[in-house]
Amino acid sequence: MLFGTQTVNSKGHLEIGGCDTIELAERFGTPLYVMDEALIRQNCRDYISAFKSQYPNTTVTFAGKAFLTTAMCRILQQEGMSLDVASGGELHTAMMADFPVKNIYFHGNFKSDEELRMALETGVGRIVVDNIHELERLNAMALQMGKKADIMFRLTPGVDPHTHRMISTGQEDTKFGINIKNGDALNAVKRALECPGVTLRGIHCHVGSQLLDLESHIGAIPIMVGFAKQVFDETGTVIEEINTGGGLGIRYIDGQVPPTIETFAQTLVASFLSAVESFGLPNKPKLIQEPGRSIVGPAGITLYSVGTVKRVSIVEEPGYRTYVIVDGGLSDNPRPLMYEAVYDALVANKAGEKATETVTISGKHCETDTLITDAMIAPVQTGDTIAIQCTGAYNYAMASNYNRLRRSAVALVKDGSADVIVRRQTLEDLTACDVLPDRLA
Ligand SMILES: Cc1ncc(COP(=O)(O)O)c(C=O)c1O
């Protein structure tokens, strides 16, 4: 399946953003992440218009953990998106891009003192407090600095999403947030109301990621709204904002059929408004959405050069397995090894040819870093270029220097132009932070 602006051009090559992927690979080298700017922008627009047309008092914030660079921050700003950051590094990236600081939500289940200080100094819009200990630290620090922080609480609604356990976060047994059902969340609210260094603005939850149905979102909404009502009844405090996180899944392979952004918005808003009404909330809180994957996932591909094609036959077993070894792997995409993530691929220089071969696409690391098992692709040989689809989310963001591979470049393509928005690391970059102590000199 082709996404966004992808087509097959007259040379039979995969094209994205009006650029021939084989020319991109030659010009910028491989592995190469390529991001389709038009599709990113379209997804931002779809989110904003789908939610605002249902409920104008909605803010859509992009979950920066999915893919964050200074260029991405500029696109988000131009599209009227807010931004969720989950570390001082992500906040720094946003500041380097002059992203409007009031539209930043600072997340994370362990914010260091340095990160809390950065959040207070820069004046981020909201600090999403994960636990009571963090509340006390933040309050003390804000008072010391003569500041008052606008906060939300990250809550655990106790909804178990049906997704990989590594990306499940809404269930009660989790390291994230404060439990609603056992009363901890209400106690945290009461404590926040006594803290002069913070103003409680809202509540937040995020049930999980890559969700292909809306069951868990819909399950979490009445719990969140019901909690807002409980807060009002017990303390008289009006919860102004309810953030229901991100989580909408995308189609990585055939058979995965996520709801559209339109359906997602309609279903969520309907469930939200109905809960607001049935619990008799004194206000209509702002609704905040925090998508990551569904904005950037389908907009990215990774281009790899094929090194070796190995046919491995196993004695006493019929047939053979064909391994297609590419010049990246675990270091540019750890998701298959981390949580058995699945992907589709094609041979970018043979994009017009029929997919007739079943192969296993593997990386070059000292692990069995299989990127795709049993990919159906066109006949492939050394020197071909493989494109793996839907690598825009949590790929560049999770990349490492394992085996001291240099991190790959990211090219942003649109209307036939390609710009490097992250340059490929050099060999010098790899040792730039190494220190040789005198005693080893
Ligand atoms: C707090 C929070 N918000 C939003 C997201 C984005 O989720 P997704 O990329 O599935 O939309 C995440 C992902 O882990 C998250 O932890």
# chains A, B, ... in the order shown; residues from 1 in each chain; ligands from 1

$ residues_around --residues "Thr391 in chain A" --least-positions-apart "4" --cutoff "12 Å" --atoms "only C-alpha atoms" --output "short mmCIF file (atom, residue, chain, number, x, y, z; two decimals) with C-alpha atoms, in the first residue's frame"
data_model
loop_
_atom_site.label_atom_id
_atom_site.label_comp_id
_atom_site.auth_asym_id
_atom_site.auth_seq_id
_atom_site.Cartn_x
_atom_site.Cartn_y
_atom_site.Cartn_z
CA PHE A 3 0.68 6.44 1.64
CA LEU A 32 17.76 7.37 5.24
CA TYR A 33 14.57 8.41 6.93
CA VAL A 34 12.32 10.29 4.53
CA MET A 35 9.38 12.30 5.86
CA ASP A 36 6.45 13.37 3.68
CA ALA A 66 7.07 10.12 18.25
CA PHE A 67 9.35 12.35 16.14
CA ILE A 250 -2.08 3.19 12.18
CA ARG A 251 -2.04 0.54 9.47
CA TYR A 252 1.40 -1.04 9.41
CA ARG A 293 2.02 8.00 15.78
CA SER A 294 -1.09 8.82 13.74
CA ILE A 295 0.40 12.20 12.73
CA VAL A 296 3.86 11.09 11.64
CA GLY A 297 3.86 7.27 11.41
CA PRO A 298 2.48 6.85 7.88
CA ALA A 299 4.41 9.92 6.70
CA GLY A 300 7.82 8.29 7.08
CA ILE A 301 9.74 5.65 5.20
CA THR A 302 13.24 4.31 5.73
CA LEU A 303 15.43 3.61 2.72
CA ASP A 332 17.57 2.93 13.33
CA ASN A 333 14.46 0.88 14.16
CA PRO A 334 14.42 -0.97 17.49
CA ARG A 335 10.63 -1.54 17.44
CA PRO A 336 10.59 -5.06 15.96
CA ALA A 341 6.37 -4.53 15.66
CA VAL A 342 5.41 -5.42 12.11
CA TYR A 343 6.02 -3.51 8.90
CA ASP A 344 5.51 -3.65 5.13
CA ALA A 345 8.29 -3.08 2.63
CA LEU A 371 13.11 -5.88 10.59
CA ALA A 387 11.79 1.05 1.50
CA ASN A 395 12.04 5.18 14.65
CA TYR A 396 14.33 8.20 14.35
CA ALA A 397 13.11 9.07 17.87
CA MET A 398 14.31 5.72 19.27
CA ALA A 399 17.49 5.43 17.21
CA VAL A 410 16.33 12.61 8.00
#

$ residues_around --residues "range 85-99 of chain A" --least-positions-apart "5" --cutoff "12 Å" --atoms "only C-alpha atoms" --output "VMD selection string"
chain A and resid 61 to 80 104 to 130 290 292 397

$ select_by_dssp --residues "range 253-299 of chain A" --states "alpha helix (DSSP H)" --output "number ranges by chain"
A: 261-279, 293-296

$ write_last_selection --atoms "C-alpha atoms" --output "PDB file, in the first residue's frame"
ATOM      1  CA  ILE A 261      -9.151  10.544  12.446  1.00  0.00           C
ATOM      2  CA  GLU A 262     -12.702  11.708  11.652  1.00  0.00           C
ATOM      3  CA  THR A 263     -14.312   8.660  13.323  1.00  0.00           C
ATOM      4  CA  PHE A 264     -11.896   8.911  16.231  1.00  0.00           C
ATOM      5  CA  ALA A 265     -12.878  12.551  16.825  1.00  0.00           C
ATOM      6  CA  GLN A 266     -16.607  11.924  16.444  1.00  0.00           C
ATOM      7  CA  THR A 267     -16.587   8.965  18.815  1.00  0.00           C
ATOM      8  CA  LEU A 268     -14.402  10.611  21.412  1.00  0.00           C
ATOM      9  CA  VAL A 269     -16.255  13.912  21.469  1.00  0.00           C
ATOM     10  CA  ALA A 270     -19.659  12.198  21.591  1.00  0.00           C
ATOM     11  CA  SER A 271     -18.540  10.082  24.529  1.00  0.00           C
ATOM     12  CA  PHE A 272     -16.974  13.122  26.244  1.00  0.00           C
ATOM     13  CA  LEU A 273     -20.064  15.334  25.870  1.00  0.00           C
ATOM     14  CA  SER A 274     -22.356  12.571  26.968  1.00  0.00           C
ATOM     15  CA  ALA A 275     -20.237  11.990  30.106  1.00  0.00           C
ATOM     16  CA  VAL A 276     -20.102  15.737  30.863  1.00  0.00           C
ATOM     17  CA  GLU A 277     -23.884  15.818  30.649  1.00  0.00           C
ATOM     18  CA  SER A 278     -24.624  12.636  32.557  1.00  0.00           C
ATOM     19  CA  PHE A 279     -22.251  13.439  35.431  1.00  0.00           C
ATOM     20  CA  ARG A 293       2.019   7.998  15.784  1.00  0.00           C
ATOM     21  CA  SER A 294      -1.089   8.823  13.741  1.00  0.00           C
ATOM     22  CA  ILE A 295       0.397  12.201  12.728  1.00  0.00           C
ATOM     23  CA  VAL A 296       3.857  11.087  11.638  1.00  0.00           C
TER      24      VAL A 296
END

$ select_by_dssp --residues "range 106-173 of chain A" --states "strand (DSSP E)" --output "list in words"
Phe106, Arg126, Ile127, Val128, Val129, Ala149, Asp150, Ile151, Met152, Phe153, Arg154, Leu155 and Thr156 of chain A

$ residues_around --residues "Thr21 in chain A" --least-positions-apart "4" --cutoff "12 Å" --atoms "only C-alpha atoms" --output "PyMOL selection string"
chain A and resi 6-9+11-17+25-36+301-305+346-351+384-388+411-413+416-418

$ write_last_selection --atoms "C-alpha atoms" --output "JSON list (two decimals), in the first residue's frame"
[["chain", "number", "residue", "atom", "x", "y", "z"],
["A", 6, "GLN", "CA", 3.76, 8.22, -2.62],
["A", 7, "THR", "CA", 3.51, 7.06, -6.24],
["A", 8, "VAL", "CA", 5.43, 4.88, -8.64],
["A", 9, "ASN", "CA", 7.12, 7.06, -11.27],
["A", 11, "LYS", "CA", 11.16, 4.65, -14.03],
["A", 12, "GLY", "CA", 9.27, 2.23, -11.81],
["A", 13, "HIS", "CA", 10.77, 3.86, -8.72],
["A", 14, "LEU", "CA", 8.95, 4.72, -5.53],
["A", 15, "GLU", "CA", 8.43, 8.45, -5.34],
["A", 16, "ILE", "CA", 7.53, 10.41, -2.20],
["A", 17, "GLY", "CA", 6.88, 14.15, -1.95],
["A", 25, "ALA", "CA", 19.29, 7.41, -1.53],
["A", 26, "GLU", "CA", 22.12, 8.38, -3.90],
["A", 27, "ARG", "CA", 22.15, 11.99, -2.77],
["A", 28, "PHE", "CA", 21.87, 11.53, 0.99],
["A", 29, "GLY", "CA", 23.06, 7.95, 1.50],
["A", 30, "THR", "CA", 21.34, 5.12, 3.33],
["A", 31, "PRO", "CA", 19.87, 4.27, 5.74],
["A", 32, "LEU", "CA", 17.76, 7.37, 5.24],
["A", 33, "TYR", "CA", 14.57, 8.41, 6.93],
["A", 34, "VAL", "CA", 12.32, 10.29, 4.53],
["A", 35, "MET", "CA", 9.38, 12.30, 5.86],
["A", 36, "ASP", "CA", 6.45, 13.37, 3.68],
["A", 301, "ILE", "CA", 9.74, 5.65, 5.20],
["A", 302, "THR", "CA", 13.24, 4.31, 5.73],
["A", 303, "LEU", "CA", 15.43, 3.61, 2.72],
["A", 304, "TYR", "CA", 18.11, 0.94, 3.02],
["A", 305, "SER", "CA", 20.67, -0.46, 0.60],
["A", 346, "LEU", "CA", 8.90, -2.76, -1.06],
["A", 347, "VAL", "CA", 11.88, -2.68, -3.36],
["A", 348, "ALA", "CA", 11.99, 1.05, -4.09],
["A", 349, "ASN", "CA", 13.77, 0.70, -7.46],
["A", 350, "LYS", "CA", 11.26, -2.00, -8.53],
["A", 351, "ALA", "CA", 8.14, -0.43, -7.06],
["A", 384, "ASP", "CA", 18.67, -2.65, -4.62],
["A", 385, "THR", "CA", 17.00, -0.16, -2.32],
["A", 386, "ILE", "CA", 14.44, -1.34, 0.20],
["A", 387, "ALA", "CA", 11.79, 1.05, 1.50],
["A", 388, "ILE", "CA", 10.15, 0.14, 4.78],
["A", 411, "ALA", "CA", 15.17, 14.19, 4.74],
["A", 412, "LEU", "CA", 11.96, 16.20, 4.53],
["A", 413, "VAL", "CA", 10.37, 16.05, 1.09],
["A", 416, "GLY", "CA", 9.87, 17.68, -5.58],
["A", 417, "SER", "CA", 12.31, 19.27, -3.09],
["A", 418, "ALA", "CA", 14.23, 17.43, -0.43]]

$ residues_around --residues "range 198-210 of chain A" --least-positions-apart "5" --cutoff "8 Å" --atoms "only C-alpha atoms" --output "PyMOL selection string"
chain A and resi 128+138-139+142+148-157+159-161+163+167-171+177+189+192-193+216-217+220+224+239-250+293

$ residues_around --residues "range 360-369 of chain A" --least-positions-apart "5" --cutoff "7 Å" --atoms "only C-alpha atoms" --output "list in words"
Thr322, Tyr323, Val324, Ile325, Val326, Asp327, Gly328, Gly329, Leu330, Leu337, Asp374, Ala375 and Asn403 of chain A

$ write_last_selection --atoms "C-alpha atoms" --output "PDB file, in the first residue's frame"
ATOM      1  CA  THR A 322      15.972 -15.832   1.987  1.00  0.00           C
ATOM      2  CA  TYR A 323      17.653 -13.217   4.153  1.00  0.00           C
ATOM      3  CA  VAL A 324      17.918  -9.748   2.681  1.00  0.00           C
ATOM      4  CA  ILE A 325      20.577  -7.939   4.692  1.00  0.00           C
ATOM      5  CA  VAL A 326      20.330  -4.154   4.765  1.00  0.00           C
ATOM      6  CA  ASP A 327      22.718  -1.462   5.943  1.00  0.00           C
ATOM      7  CA  GLY A 328      20.796  -0.496   9.105  1.00  0.00           C
ATOM      8  CA  GLY A 329      18.531  -2.347  11.484  1.00  0.00           C
ATOM      9  CA  LEU A 330      18.188  -2.328  15.239  1.00  0.00           C
ATOM     10  CA  LEU A 337      13.001  -6.274  18.643  1.00  0.00           C
ATOM     11  CA  ASP A 374       8.208 -12.964   5.591  1.00  0.00           C
ATOM     12  CA  ALA A 375       7.954  -9.702   3.678  1.00  0.00           C
ATOM     13  CA  ASN A 403      27.570  -1.088  17.276  1.00  0.00           C
TER      14      ASN A 403
END

$ closest_residue --among "A:Gln389, A:Asn401, A:Ser331, A:Gln289" --to "ligand 1" --atoms "only C-alpha atoms and all ligand atoms"
A:Gln289

$ closest_residue --among "A:Leu186, A:Lys284, A:Gly255, A:Thr237" --to "Thr58 in chain A" --atoms "only C-alpha atoms"
A:Lys284
